[in-house]
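One file, protein_20.cif, carrying mmCIF, C-alpha atoms:
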data_model
#
loop_
_atom_site.label_atom_id
_atom_site.label_comp_id
_atom_site.auth_asym_id
_atom_site.auth_seq_id
_atom_site.Cartn_x
_atom_site.Cartn_y
_atom_site.Cartn_z
CA MET M 1 0.00 0.00 0.00
CA GLU M 2 1.33 3.41 -0.99
CA ALA M 3 2.24 5.83 1.78
CA ASP M 4 -0.07 8.82 1.58
CA SER M 5 0.23 12.45 2.55
CA THR M 6 -1.28 11.89 6.00
CA THR M 7 2.26 10.99 7.04
CA TYR M 8 2.89 14.75 7.25
CA GLU M 9 -0.46 15.83 8.65
CA THR M 10 0.78 16.57 12.16
CA ASN M 11 4.07 18.16 11.17
CA PRO M 12 4.35 21.60 12.81
CA LYS M 13 6.04 24.45 10.96
CA SER M 14 9.13 24.10 13.13
CA GLN M 15 9.67 20.61 11.72
CA ILE M 16 8.97 21.75 8.16
CA ASN M 17 11.70 24.37 8.48
CA GLU M 18 14.15 21.59 9.39
CA ILE M 19 13.52 19.41 6.33
CA ASP M 20 16.53 17.24 5.51
CA LEU M 21 16.45 15.83 1.98
CA PRO M 22 18.85 13.22 0.53
CA PHE M 23 19.89 15.58 -2.29
CA ASN M 24 21.11 19.16 -2.57
CA THR M 25 18.48 21.83 -3.10
CA ASN M 26 18.56 25.44 -4.21
CA ARG M 27 17.19 27.84 -1.60
CA GLY M 28 14.31 29.17 -3.70
CA ASN M 29 13.22 25.67 -4.74
CA LEU M 30 13.26 24.46 -1.14
CA ASN M 31 11.40 27.52 0.13
CA LEU M 32 8.58 26.98 -2.36
CA TYR M 33 8.34 23.31 -1.35
CA LYS M 34 8.16 24.31 2.33
CA GLU M 35 5.44 26.84 1.56
CA LEU M 36 3.40 24.26 -0.30
CA ILE M 37 3.48 21.71 2.52
CA SER M 38 3.09 24.16 5.40
CA CYS M 39 -0.13 23.99 7.40
CA ASP M 40 -1.29 26.30 10.18
CA GLY M 41 -3.30 23.55 11.88
CA ALA M 42 -6.70 25.00 11.04
CA CYS M 43 -7.25 22.28 8.44
CA ASN M 44 -5.55 19.07 7.40
CA LEU M 45 -2.53 19.18 5.14
CA GLU M 46 -4.31 17.66 2.15
CA SER M 47 -7.07 20.29 2.04
CA ASN M 48 -4.54 23.06 2.59
CA LEU M 49 -2.25 21.72 -0.15
CA ILE M 50 -5.09 21.31 -2.64
CA GLY M 51 -6.19 24.90 -2.10
CA LYS M 52 -2.66 26.12 -2.80
CA LEU M 53 -2.35 23.96 -5.92
CA GLN M 54 -5.65 25.31 -7.22
CA SER M 55 -4.38 28.87 -6.71
CA PHE M 56 -1.14 27.91 -8.43
CA GLY M 57 -3.06 26.39 -11.36
CA LEU M 58 -1.83 22.82 -10.85
CA LEU M 59 -5.35 21.64 -10.01
CA PRO M 60 -8.56 22.95 -11.63
CA SER M 61 -10.53 25.39 -9.47
CA ASN M 62 -13.75 24.07 -10.95
CA ILE M 63 -14.88 21.29 -13.26
CA THR M 64 -18.11 20.31 -14.99
CA CYS M 65 -20.11 17.17 -14.29
CA PRO M 66 -20.00 14.60 -17.14
CA THR M 67 -23.71 13.98 -16.59
CA ASP M 68 -24.39 17.62 -17.51
CA GLY M 69 -27.85 17.53 -16.01
CA GLU M 70 -30.05 20.53 -15.39
CA ASN M 71 -29.33 20.51 -11.66
CA CYS M 72 -25.64 19.49 -11.86
CA LYS M 73 -23.29 21.60 -9.79
CA VAL M 74 -19.83 20.30 -8.80
CA ILE M 75 -18.28 21.24 -5.46
CA CYS M 76 -15.20 20.22 -3.44
CA LYS M 77 -16.09 17.87 -0.61
CA SER M 78 -14.12 16.14 2.14
CA ALA M 79 -13.93 12.39 1.59
CA ARG M 80 -12.24 9.23 2.85
CA VAL M 81 -9.85 9.00 -0.11
CA ILE M 82 -6.09 9.37 -0.34
CA ASP M 83 -6.37 13.07 -1.26
CA ARG M 84 -8.96 13.66 1.52
CA VAL M 85 -10.96 15.81 -0.94
CA GLN M 86 -12.90 15.01 -4.09
CA TRP M 87 -15.36 16.58 -6.53
CA LEU M 88 -19.03 15.89 -5.82
CA CYS M 89 -21.99 16.86 -7.99
CA GLU M 90 -24.84 18.18 -5.84
CA GLY M 91 -27.34 17.38 -8.57
CA CYS M 92 -26.60 13.76 -9.51
CA SER M 93 -24.17 12.80 -6.69
CA ARG M 94 -21.50 11.76 -9.18
CA LYS M 95 -17.99 11.79 -7.68
CA GLN M 96 -14.69 12.59 -9.40
CA PRO M 97 -11.10 12.64 -8.13
CA ILE M 98 -9.79 16.06 -7.17
CA ARG M 99 -6.94 15.30 -9.60
CA THR M 100 -9.26 15.23 -12.62
CA GLY M 101 -7.82 17.33 -15.44
CA SER M 102 -4.33 17.64 -13.96
CA PHE M 103 -0.80 16.23 -14.09
CA PHE M 104 -1.60 14.16 -10.99
CA PHE M 105 -4.50 12.25 -12.57
CA LYS M 106 -4.11 8.45 -12.31
CA LEU M 107 -0.66 8.67 -10.71
CA GLN M 108 -0.47 5.88 -8.11
CA CYS M 109 1.01 7.96 -5.34
CA SER M 110 -0.16 10.91 -3.28
CA ILE M 111 -0.17 14.47 -4.60
CA LEU M 112 2.44 15.34 -1.98
CA GLN M 113 4.71 12.51 -3.10
CA THR M 114 4.40 13.73 -6.69
CA LEU M 115 5.42 17.26 -5.67
CA GLN M 116 8.36 15.80 -3.77
CA LEU M 117 9.52 13.85 -6.80
CA ILE M 118 9.15 16.90 -9.07
CA LEU M 119 11.43 18.77 -6.66
CA ALA M 120 13.94 15.90 -6.82
CA TRP M 121 13.83 15.93 -10.63
CA CYS M 122 14.33 19.72 -10.71
CA GLU M 123 17.45 19.27 -8.57
CA ASP M 124 18.68 16.45 -10.84
CA ALA M 125 18.52 14.00 -7.93
CA ASP M 126 19.15 10.29 -8.43
CA ILE M 127 15.78 8.66 -9.08
CA THR M 128 16.46 5.58 -6.95
CA THR M 129 17.52 7.67 -3.95
CA ALA M 130 14.51 9.97 -4.25
CA ALA M 131 12.00 7.14 -4.74
CA GLN M 132 13.26 5.30 -1.69
CA TYR M 133 13.28 8.41 0.50
CA PHE M 134 9.75 9.47 -0.47
CA ASP M 135 8.45 5.86 -0.39
CA ILE M 136 7.40 5.77 -4.04
CA LYS M 137 7.49 2.59 -6.11
CA PRO M 138 10.34 2.63 -8.68
CA ARG M 139 8.05 2.19 -11.71
CA ILE M 140 5.89 5.12 -10.58
CA ALA M 141 8.93 7.31 -9.93
CA THR M 142 10.28 6.39 -13.38
CA SER M 143 6.95 7.31 -14.96
CA ILE M 144 6.98 10.75 -13.32
CA TYR M 145 10.63 11.39 -14.24
CA ASP M 146 9.87 10.35 -17.84
CA LYS M 147 6.91 12.74 -18.02
CA LEU M 148 9.07 15.60 -16.77
CA ASP M 149 11.84 14.69 -19.23
CA ASP M 150 9.32 14.75 -22.09
CA LEU M 151 8.00 18.13 -20.95
CA ALA M 152 11.49 19.64 -20.68
CA ILE M 153 12.48 18.35 -24.12
CA LYS M 154 9.27 19.72 -25.63
CA GLU M 155 9.96 23.15 -24.12
CA LEU M 156 13.60 23.11 -25.28
CA LYS M 157 12.54 22.41 -28.87
CA LYS M 158 10.40 25.56 -28.89
CA THR M 159 13.50 27.76 -28.91
CA LYS M 160 16.26 28.42 -31.43
CA LEU M 161 19.75 29.71 -30.89
CA GLY M 162 21.06 33.01 -32.20
CA GLY M 163 19.18 35.68 -34.09
CA GLU M 164 19.94 39.12 -35.53
CA ASN M 165 23.38 40.41 -34.50
CA SER M 166 24.06 37.19 -32.62
CA ALA M 167 26.80 34.60 -33.15
CA VAL M 168 26.34 30.86 -32.72
CA LEU M 169 29.55 28.92 -32.18
CA SER M 170 29.97 25.23 -32.98
CA GLU M 171 32.39 22.47 -32.07
CA ILE M 172 32.45 18.70 -32.12
CA TYR M 173 33.02 16.65 -28.99
CA PRO M 174 35.35 14.86 -28.30
CA ASP M 175 37.30 15.91 -31.42
CA CYS M 176 37.96 19.33 -29.87
CA LEU M 177 39.51 17.61 -26.83
CA ASN M 178 41.49 15.06 -28.77
CA ARG M 179 43.06 17.89 -30.73
CA LEU M 180 44.62 19.11 -27.49
CA SER M 181 45.45 15.72 -25.93
CA PRO M 182 44.55 12.07 -26.60
CA ASP M 183 41.69 10.43 -24.73
CA THR M 184 43.23 8.32 -21.98
CA THR M 185 40.09 7.71 -19.91
CA ASP M 186 39.05 4.19 -18.98
CA GLN M 187 35.67 4.76 -20.59
CA PRO M 188 36.06 5.90 -24.22
CA HIS M 189 33.82 8.43 -25.92
CA VAL M 190 31.24 6.36 -27.81
CA HIS M 191 29.47 9.21 -29.60
CA ARG M 192 30.55 12.41 -31.24
CA ILE M 193 28.35 15.35 -30.27
CA LEU M 194 27.80 18.57 -32.20
CA MET M 195 27.91 21.42 -29.67
CA LEU M 196 26.22 24.75 -30.46
CA ALA M 197 26.53 27.78 -28.18
CA ASP M 198 24.55 31.03 -28.31
CA THR M 199 26.79 33.94 -27.28
CA LYS M 200 23.96 36.33 -26.39
CA HIS M 201 22.78 34.48 -23.26
CA ILE M 202 24.17 34.31 -19.73
CA PRO M 203 24.35 31.50 -18.78
CA THR M 204 25.13 30.27 -22.28
CA HIS M 205 22.31 28.55 -24.14
CA TYR M 206 23.39 25.32 -25.84
CA LYS M 207 22.07 22.71 -28.20
CA LEU M 208 23.87 19.35 -28.15
CA HIS M 209 23.19 16.89 -30.95
CA VAL M 210 24.37 13.27 -30.90
CA ILE M 211 25.91 12.49 -34.28
CA ARG M 212 24.79 9.18 -35.77
CA ASP M 213 27.67 7.30 -37.36
CA ASP M 214 27.20 4.55 -39.93
CA LEU M 215 30.40 2.55 -39.51
CA LYS M 216 29.41 0.15 -42.29
CA LYS M 217 29.93 2.85 -44.90
CA PRO M 218 33.33 4.00 -46.24
CA GLN M 219 35.02 7.01 -44.66
CA SER M 220 34.18 9.31 -47.58
CA LYS M 221 30.51 8.49 -47.23
CA GLN M 222 30.66 8.98 -43.46
CA ASP M 223 32.15 12.44 -43.97
CA GLN M 224 29.29 13.32 -46.28
CA LEU M 225 26.72 12.05 -43.79
CA LEU M 226 28.39 14.10 -41.06
CA ARG M 227 28.14 17.29 -43.10
CA GLU M 228 24.49 16.58 -43.91
CA GLN M 229 23.65 16.02 -40.25
CA ILE M 230 25.37 19.22 -39.17
CA GLU M 231 23.65 21.26 -41.88
CA GLN M 232 20.27 19.84 -40.87
CA VAL M 233 20.87 20.66 -37.20
CA LEU M 234 21.97 24.20 -38.03
CA ARG M 235 18.79 24.74 -40.05
CA SER M 236 16.49 23.41 -37.34
CA GLU M 237 18.23 24.72 -34.21
CA THR M 238 19.45 28.21 -35.16
CA ASP M 239 17.71 31.39 -36.22
CA GLY M 240 18.26 32.15 -39.89
CA GLN M 241 19.69 35.60 -39.08
CA SER M 242 22.48 34.18 -36.91
CA MET M 243 26.16 34.49 -37.68
CA LEU M 244 27.41 30.89 -37.72
CA VAL M 245 30.97 30.42 -36.51
CA MET M 246 32.49 27.00 -37.09
CA GLY M 247 35.19 25.49 -34.90
CA ASN M 248 38.26 23.76 -36.29
CA ASN M 249 36.58 20.34 -36.23
CA VAL M 250 33.31 21.27 -37.95
CA PRO M 251 33.49 20.56 -41.71
CA ILE M 252 30.93 23.02 -43.05
CA ASP M 253 31.51 25.49 -45.89
CA GLY M 254 29.89 28.89 -46.27
CA THR M 255 30.26 29.87 -42.63
CA ILE M 256 32.76 31.93 -40.65
CA PRO M 257 35.79 30.05 -39.30
CA LEU M 258 36.49 30.65 -35.64
CA GLN M 259 40.03 31.79 -36.43
CA GLN M 260 38.66 34.61 -38.56
CA LEU M 261 36.47 35.86 -35.72
CA MET M 262 39.35 35.63 -33.26
CA GLN M 263 41.32 38.21 -35.22
CA HIS M 264 38.86 40.86 -34.03
CA CYS M 265 38.90 39.88 -30.34
CA ASP M 266 41.17 40.74 -27.43
CA VAL M 267 43.01 38.03 -25.47
CA ASP M 268 40.29 37.57 -22.85
CA MET M 269 37.56 37.18 -25.48
CA GLN M 270 39.70 34.74 -27.42
CA HIS M 271 40.08 32.59 -24.31
CA PHE M 272 36.33 32.76 -23.70
CA LEU M 273 35.36 31.78 -27.25
CA THR M 274 37.81 28.88 -27.46
CA SER M 275 37.54 27.47 -23.96
CA ARG M 276 35.31 28.97 -21.28
CA ILE M 277 32.14 29.11 -23.38
CA TRP M 278 32.17 25.32 -23.68
CA THR M 279 32.74 24.51 -19.99
CA GLN M 280 29.21 23.45 -19.10
CA ALA M 281 28.57 21.75 -22.44
CA LEU M 282 31.72 19.65 -22.05
CA THR M 283 30.66 18.67 -18.55
CA LEU M 284 27.34 17.33 -19.85
CA CYS M 285 28.95 15.55 -22.80
CA SER M 286 31.43 13.88 -20.48
CA ALA M 287 28.69 12.86 -18.04
CA SER M 288 26.68 11.27 -20.86
CA ARG M 289 29.37 8.62 -21.28
CA ASP M 290 27.99 6.84 -18.21
CA ILE M 291 24.85 6.03 -20.20
CA CYS M 292 26.89 4.34 -22.92
CA ALA M 293 28.51 2.02 -20.40
CA ARG M 294 25.13 0.37 -19.84
CA ALA M 295 23.97 -0.19 -23.43
CA PRO M 296 25.27 -0.91 -26.97
CA SER M 297 26.18 2.19 -28.98
CA HIS M 298 23.29 1.85 -31.45
CA ILE M 299 20.83 1.83 -28.56
CA CYS M 300 22.37 4.35 -26.19
CA ALA M 301 22.45 7.18 -28.76
CA VAL M 302 18.76 7.86 -28.15
CA ALA M 303 19.23 7.74 -24.36
CA VAL M 304 22.22 10.09 -24.58
CA GLN M 305 20.25 12.60 -26.65
CA ARG M 306 17.37 12.46 -24.18
CA TYR M 307 19.73 13.02 -21.25
CA LEU M 308 21.46 15.97 -22.96
CA ASP M 309 18.20 17.69 -23.93
CA THR M 310 16.77 17.39 -20.42
CA ALA M 311 20.00 18.53 -18.79
CA LEU M 312 20.24 21.54 -21.12
CA TYR M 313 16.76 22.72 -20.23
CA ARG M 314 17.52 22.40 -16.52
CA LEU M 315 20.80 24.28 -17.07
CA ARG M 316 19.00 27.33 -18.45
CA TYR M 317 17.34 28.09 -15.13
CA GLY M 318 18.98 28.78 -11.80
CA ASP M 319 17.28 28.87 -8.45
CA GLY M 320 13.54 28.99 -9.00
CA PHE M 321 13.44 26.12 -11.50
CA TYR M 322 10.88 24.33 -9.30
CA THR M 323 8.49 27.26 -9.67
CA HIS M 324 9.15 27.37 -13.40
CA MET M 325 8.44 23.67 -13.90
CA LEU M 326 5.25 23.76 -11.84
CA ARG M 327 3.96 26.56 -14.06
CA ILE M 328 4.95 24.63 -17.19
CA ILE M 329 3.13 21.57 -15.82
CA SER M 330 0.08 23.73 -15.08
CA ASN M 331 0.02 25.17 -18.60
CA GLU M 332 0.45 21.75 -20.19
CA PHE M 333 -1.87 19.56 -18.11
CA THR M 334 -4.41 21.56 -16.08
CA GLN M 335 -7.79 21.69 -17.79
CA ASN M 336 -10.53 24.29 -17.43
CA ALA M 337 -8.52 26.40 -15.04
CA THR M 338 -7.05 29.88 -15.12
CA THR M 339 -3.71 30.01 -13.33
CA ALA M 340 -3.84 32.54 -10.54
CA GLU M 341 -0.79 34.65 -9.85
CA ALA M 342 -0.19 33.02 -6.47
CA VAL M 343 2.74 34.51 -4.64
CA PHE M 344 4.86 32.11 -2.60
CA SER M 345 7.74 33.06 -0.36
CA GLN M 346 11.06 32.55 -2.13
#

Output the file's structure as structure tokens, nothing else.
Amino acid sequence: MEADSTTYETNPKSQINEIDLPFNTNRGNLNLYKELISCDGACNLESNLIGKLQSFGLLPSNITCPTDGENCKVICKSARVIDRVQWLCEGCSRKQPIRTGSFFFKLQCSILQTLQLILAWCEDADITTAAQYFDIKPRIATSIYDKLDDLAIKELKKTKLGGENSAVLSEIYPDCLNRLSPDTTDQPHVHRILMLADTKHIPTHYKLHVIRDDLKKPQSKQDQLLREQIEQVLRSETDGQSMLVMGNNVPIDGTIPLQQLMQHCDVDMQHFLTSRIWTQALTLCSASRDICARAPSHICAVAVQRYLDTALYRLRYGDGFYTHMLRIISNEFTQNATTAEAVFSQ
């Protein structure tokens, strides 16, 4: 039987302020979580939480009865269910879960547990550690993490790099590293990754594309396929008005070589464009190698791309990412509800 949110019903605010989680949290993210689960004792935690989530737009503030009878009118009513509240039609007595029309619908864990796991995902916490700590079955935790991954990837694909008066730099990993020194790690780089960086954003906005190699084809054909992939990615991921600057390892004609741009930069800018701008992208590319250790290369390419896209979206937001994701979830999943501008302490 799943643990439900009544576990926290008697927690006073003093205990809430001393929350100790098994993963690191940003202050703003943790403060929002504390605000959501706080209860002044006047009502139970579930009712209090549901009211806050309705104000936030994560739960509908009102729904219609499927019966749609002349006397149908749906209200919130206390009930002996896991959420302690449900929708009840005063006209036909039809009942519906309070989660109807929301991200939480049909998830086999409490609303509180779902919010806890969303926080863990926002902080890039290990799924096994988080599931065990919050007493959530692994398959359910995986389902929630997968939904959040899909949502992050969808949001990432809505944006393009560059634009008018903006430069987009490119490099290929790990070729750019091997040019400086050979790869001597115990775990070799399985995939090459096209790295794109938008110079107009702080922190830098990236797109990382896993290059698909067809090792059965001759080298000349592979080179052609590489150029075609890069050209396709540049078309789909960059604004047409961007100035495209190619690194030494990117074989694309009709663009500006990095060395040409460097001639117009001072020493500090040269160091930034050749090294510092790629710091976070290289960290993610290196971390993705762990995925390849668990699967054949033709299978892990998809998993690597999924990991990189999700990590890139998380990287774009600092403290406050929890708030951001809850609003994205609200916009994507909550039906028949207008998100109120609820203000939570940050």

TODO: Around the point (12.2, 21.7, -20.4) in the file's coordinates, collect all residues with an atom within 7 Å, using only C-alpha atoms, and return them as a PyMOL selection string.
DONE: chain M and resi 151-156+310+313-314

- [ ] Expand the PyMOL selection byres ((chain M and resi 275-291) around 8) into the individual residues it matches in the shown file, reporting them as a PyMOL selection string.
- [x] chain M and resi 173+187-190+193+195+197+204+206+208+271-274+292-295+300+303-304+307-308+311

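Excluding stretch 97-105 of chain M itself and any same-chain residue fewer than 3 positions from it, the protein and nucleic acid residues within 8 Å of it, counting only C-alpha atoms, are Leu58, Leu59, Pro60, Cys76, Asp83, Val85, Gln86, Trp87, Ile111, Thr114, Ile329, Ser330, Phe333, Thr334, Gln335 and Asn336 of chain M.
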
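Running the PyMOL selection byres ((chain M and resi 118) around 9) on this file leaves M:Gln113, M:Thr114, M:Leu115, M:Gln116, M:Leu117, M:Leu119, M:Ala120, M:Trp121, M:Cys122, M:Glu123, M:Ile144, M:Tyr145, M:Leu148, M:Tyr322, M:Met325, M:Leu326 selected.
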
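What separates atom CA of M:Ile230 from atom CA of M:Ile202 is a distance of 24.6 Å.
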
Task: Using all atoms listed in the file: which of M:Asp223, M:Asp266, M:Glu46, M:Glu164 has the shortest distance to M:Thr238 - done: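 Distance minimum relative to M:Thr238 lands on M:Glu164.
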
Task: Explicit residue set for the PyMOL selection byres ((chain M and resi 253-265) around 12), as a ChimeraX atom specification - done: /M:167-171,227-228,230-231,234,242-252,266-274

I need the residues from that last selection saved to file as a PDB file, in the coordinates of the input (with C-alpha atoms), if you can.
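Result file result_27.pdb:
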ATOM      1  CA  ALA M 167      26.800  34.600 -33.150  1.00  0.00           C
ATOM      2  CA  VAL M 168      26.340  30.860 -32.720  1.00  0.00           C
ATOM      3  CA  LEU M 169      29.550  28.920 -32.180  1.00  0.00           C
ATOM      4  CA  SER M 170      29.970  25.230 -32.980  1.00  0.00           C
ATOM      5  CA  GLU M 171      32.390  22.470 -32.070  1.00  0.00           C
ATOM      6  CA  ARG M 227      28.140  17.290 -43.100  1.00  0.00           C
ATOM      7  CA  GLU M 228      24.490  16.580 -43.910  1.00  0.00           C
ATOM      8  CA  ILE M 230      25.370  19.220 -39.170  1.00  0.00           C
ATOM      9  CA  GLU M 231      23.650  21.260 -41.880  1.00  0.00           C
ATOM     10  CA  LEU M 234      21.970  24.200 -38.030  1.00  0.00           C
ATOM     11  CA  SER M 242      22.480  34.180 -36.910  1.00  0.00           C
ATOM     12  CA  MET M 243      26.160  34.490 -37.680  1.00  0.00           C
ATOM     13  CA  LEU M 244      27.410  30.890 -37.720  1.00  0.00           C
ATOM     14  CA  VAL M 245      30.970  30.420 -36.510  1.00  0.00           C
ATOM     15  CA  MET M 246      32.490  27.000 -37.090  1.00  0.00           C
ATOM     16  CA  GLY M 247      35.190  25.490 -34.900  1.00  0.00           C
ATOM     17  CA  ASN M 248      38.260  23.760 -36.290  1.00  0.00           C
ATOM     18  CA  ASN M 249      36.580  20.340 -36.230  1.00  0.00           C
ATOM     19  CA  VAL M 250      33.310  21.270 -37.950  1.00  0.00           C
ATOM     20  CA  PRO M 251      33.490  20.560 -41.710  1.00  0.00           C
ATOM     21  CA  ILE M 252      30.930  23.020 -43.050  1.00  0.00           C
ATOM     22  CA  ASP M 266      41.170  40.740 -27.430  1.00  0.00           C
ATOM     23  CA  VAL M 267      43.010  38.030 -25.470  1.00  0.00           C
ATOM     24  CA  ASP M 268      40.290  37.570 -22.850  1.00  0.00           C
ATOM     25  CA  MET M 269      37.560  37.180 -25.480  1.00  0.00           C
ATOM     26  CA  GLN M 270      39.700  34.740 -27.420  1.00  0.00           C
ATOM     27  CA  HIS M 271      40.080  32.590 -24.310  1.00  0.00           C
ATOM     28  CA  PHE M 272      36.330  32.760 -23.700  1.00  0.00           C
ATOM     29  CA  LEU M 273      35.360  31.780 -27.250  1.00  0.00           C
ATOM     30  CA  THR M 274      37.810  28.880 -27.460  1.00  0.00           C
TER      31      THR M 274
END

Open item on the list: Please report the interatomic distance between atom CA of M:Lys137 and atom CA of M:Ser38 in Å with one decimal.
Closed with: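 According to the coordinates, atom CA of M:Lys137 and atom CA of M:Ser38 are separated by 24.8 Å.
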
TODO: Could you check how far atom CA of M:Cys89 sits from atom CA of M:Lys73, in Å to one decimal?
DONE: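 Taking atom CA of M:Cys89 and atom CA of M:Lys73, their separation equals 5.2 Å.
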
Generate the missing atoms of stretch 93-100 of chain M up to all heavy atoms and report them as a short mmCIF file (atom, residue, chain, number, x, y, z; two decimals), keeping the file's coordinate frame.
data_model
loop_
_atom_site.label_atom_id
_atom_site.label_comp_id
_atom_site.auth_asym_id
_atom_site.auth_seq_id
_atom_site.Cartn_x
_atom_site.Cartn_y
_atom_site.Cartn_z
N SER M 93 -25.02 13.51 -7.66
CA SER M 93 -24.17 12.80 -6.69
C SER M 93 -22.98 12.07 -7.32
O SER M 93 -22.36 11.22 -6.67
CB SER M 93 -25.02 11.78 -5.89
OG SER M 93 -26.05 12.45 -5.18
N ARG M 94 -22.66 12.39 -8.54
CA ARG M 94 -21.50 11.76 -9.18
C ARG M 94 -20.22 12.31 -8.55
O ARG M 94 -20.08 13.52 -8.35
CB ARG M 94 -21.51 12.01 -10.68
CG ARG M 94 -20.33 11.38 -11.40
CD ARG M 94 -20.58 11.23 -12.87
NE ARG M 94 -19.46 10.59 -13.54
CZ ARG M 94 -19.53 10.07 -14.76
NH1 ARG M 94 -20.69 10.11 -15.43
NH2 ARG M 94 -18.48 9.50 -15.31
N LYS M 95 -19.26 11.41 -8.29
CA LYS M 95 -17.99 11.79 -7.68
C LYS M 95 -16.86 11.70 -8.70
O LYS M 95 -16.85 10.83 -9.56
CB LYS M 95 -17.69 10.89 -6.49
CG LYS M 95 -18.73 10.95 -5.39
CD LYS M 95 -18.45 9.92 -4.30
CE LYS M 95 -19.53 9.96 -3.22
NZ LYS M 95 -19.31 8.93 -2.17
N GLN M 96 -15.88 12.61 -8.56
CA GLN M 96 -14.69 12.59 -9.40
C GLN M 96 -13.47 12.91 -8.54
O GLN M 96 -13.57 13.66 -7.57
CB GLN M 96 -14.79 13.64 -10.52
CG GLN M 96 -15.93 13.42 -11.50
CD GLN M 96 -15.93 14.48 -12.59
OE1 GLN M 96 -15.07 14.49 -13.47
NE2 GLN M 96 -16.90 15.38 -12.53
N PRO M 97 -12.32 12.33 -8.89
CA PRO M 97 -11.10 12.64 -8.13
C PRO M 97 -10.75 14.12 -8.22
O PRO M 97 -11.01 14.76 -9.25
CB PRO M 97 -10.03 11.77 -8.81
CG PRO M 97 -10.79 10.72 -9.55
CD PRO M 97 -12.07 11.34 -9.96
N ILE M 98 -10.21 14.66 -7.16
CA ILE M 98 -9.79 16.06 -7.17
C ILE M 98 -8.69 16.28 -8.20
O ILE M 98 -8.45 17.40 -8.64
CB ILE M 98 -9.31 16.49 -5.75
CG1 ILE M 98 -9.25 18.02 -5.63
CG2 ILE M 98 -7.95 15.86 -5.43
CD1 ILE M 98 -10.59 18.69 -5.69
N ARG M 99 -8.04 15.20 -8.63
CA ARG M 99 -6.94 15.30 -9.60
C ARG M 99 -7.42 15.37 -11.04
O ARG M 99 -6.60 15.52 -11.96
CB ARG M 99 -6.04 14.06 -9.48
CG ARG M 99 -5.56 13.74 -8.08
CD ARG M 99 -4.81 12.44 -8.08
NE ARG M 99 -4.41 12.04 -6.74
CZ ARG M 99 -3.31 11.34 -6.47
NH1 ARG M 99 -2.52 10.97 -7.46
NH2 ARG M 99 -3.01 11.00 -5.24
N THR M 100 -8.72 15.22 -11.26
CA THR M 100 -9.26 15.23 -12.62
C THR M 100 -8.77 16.46 -13.39
O THR M 100 -8.81 17.58 -12.89
CB THR M 100 -10.80 15.22 -12.59
OG1 THR M 100 -11.24 14.04 -11.93
CG2 THR M 100 -11.38 15.25 -14.00
#
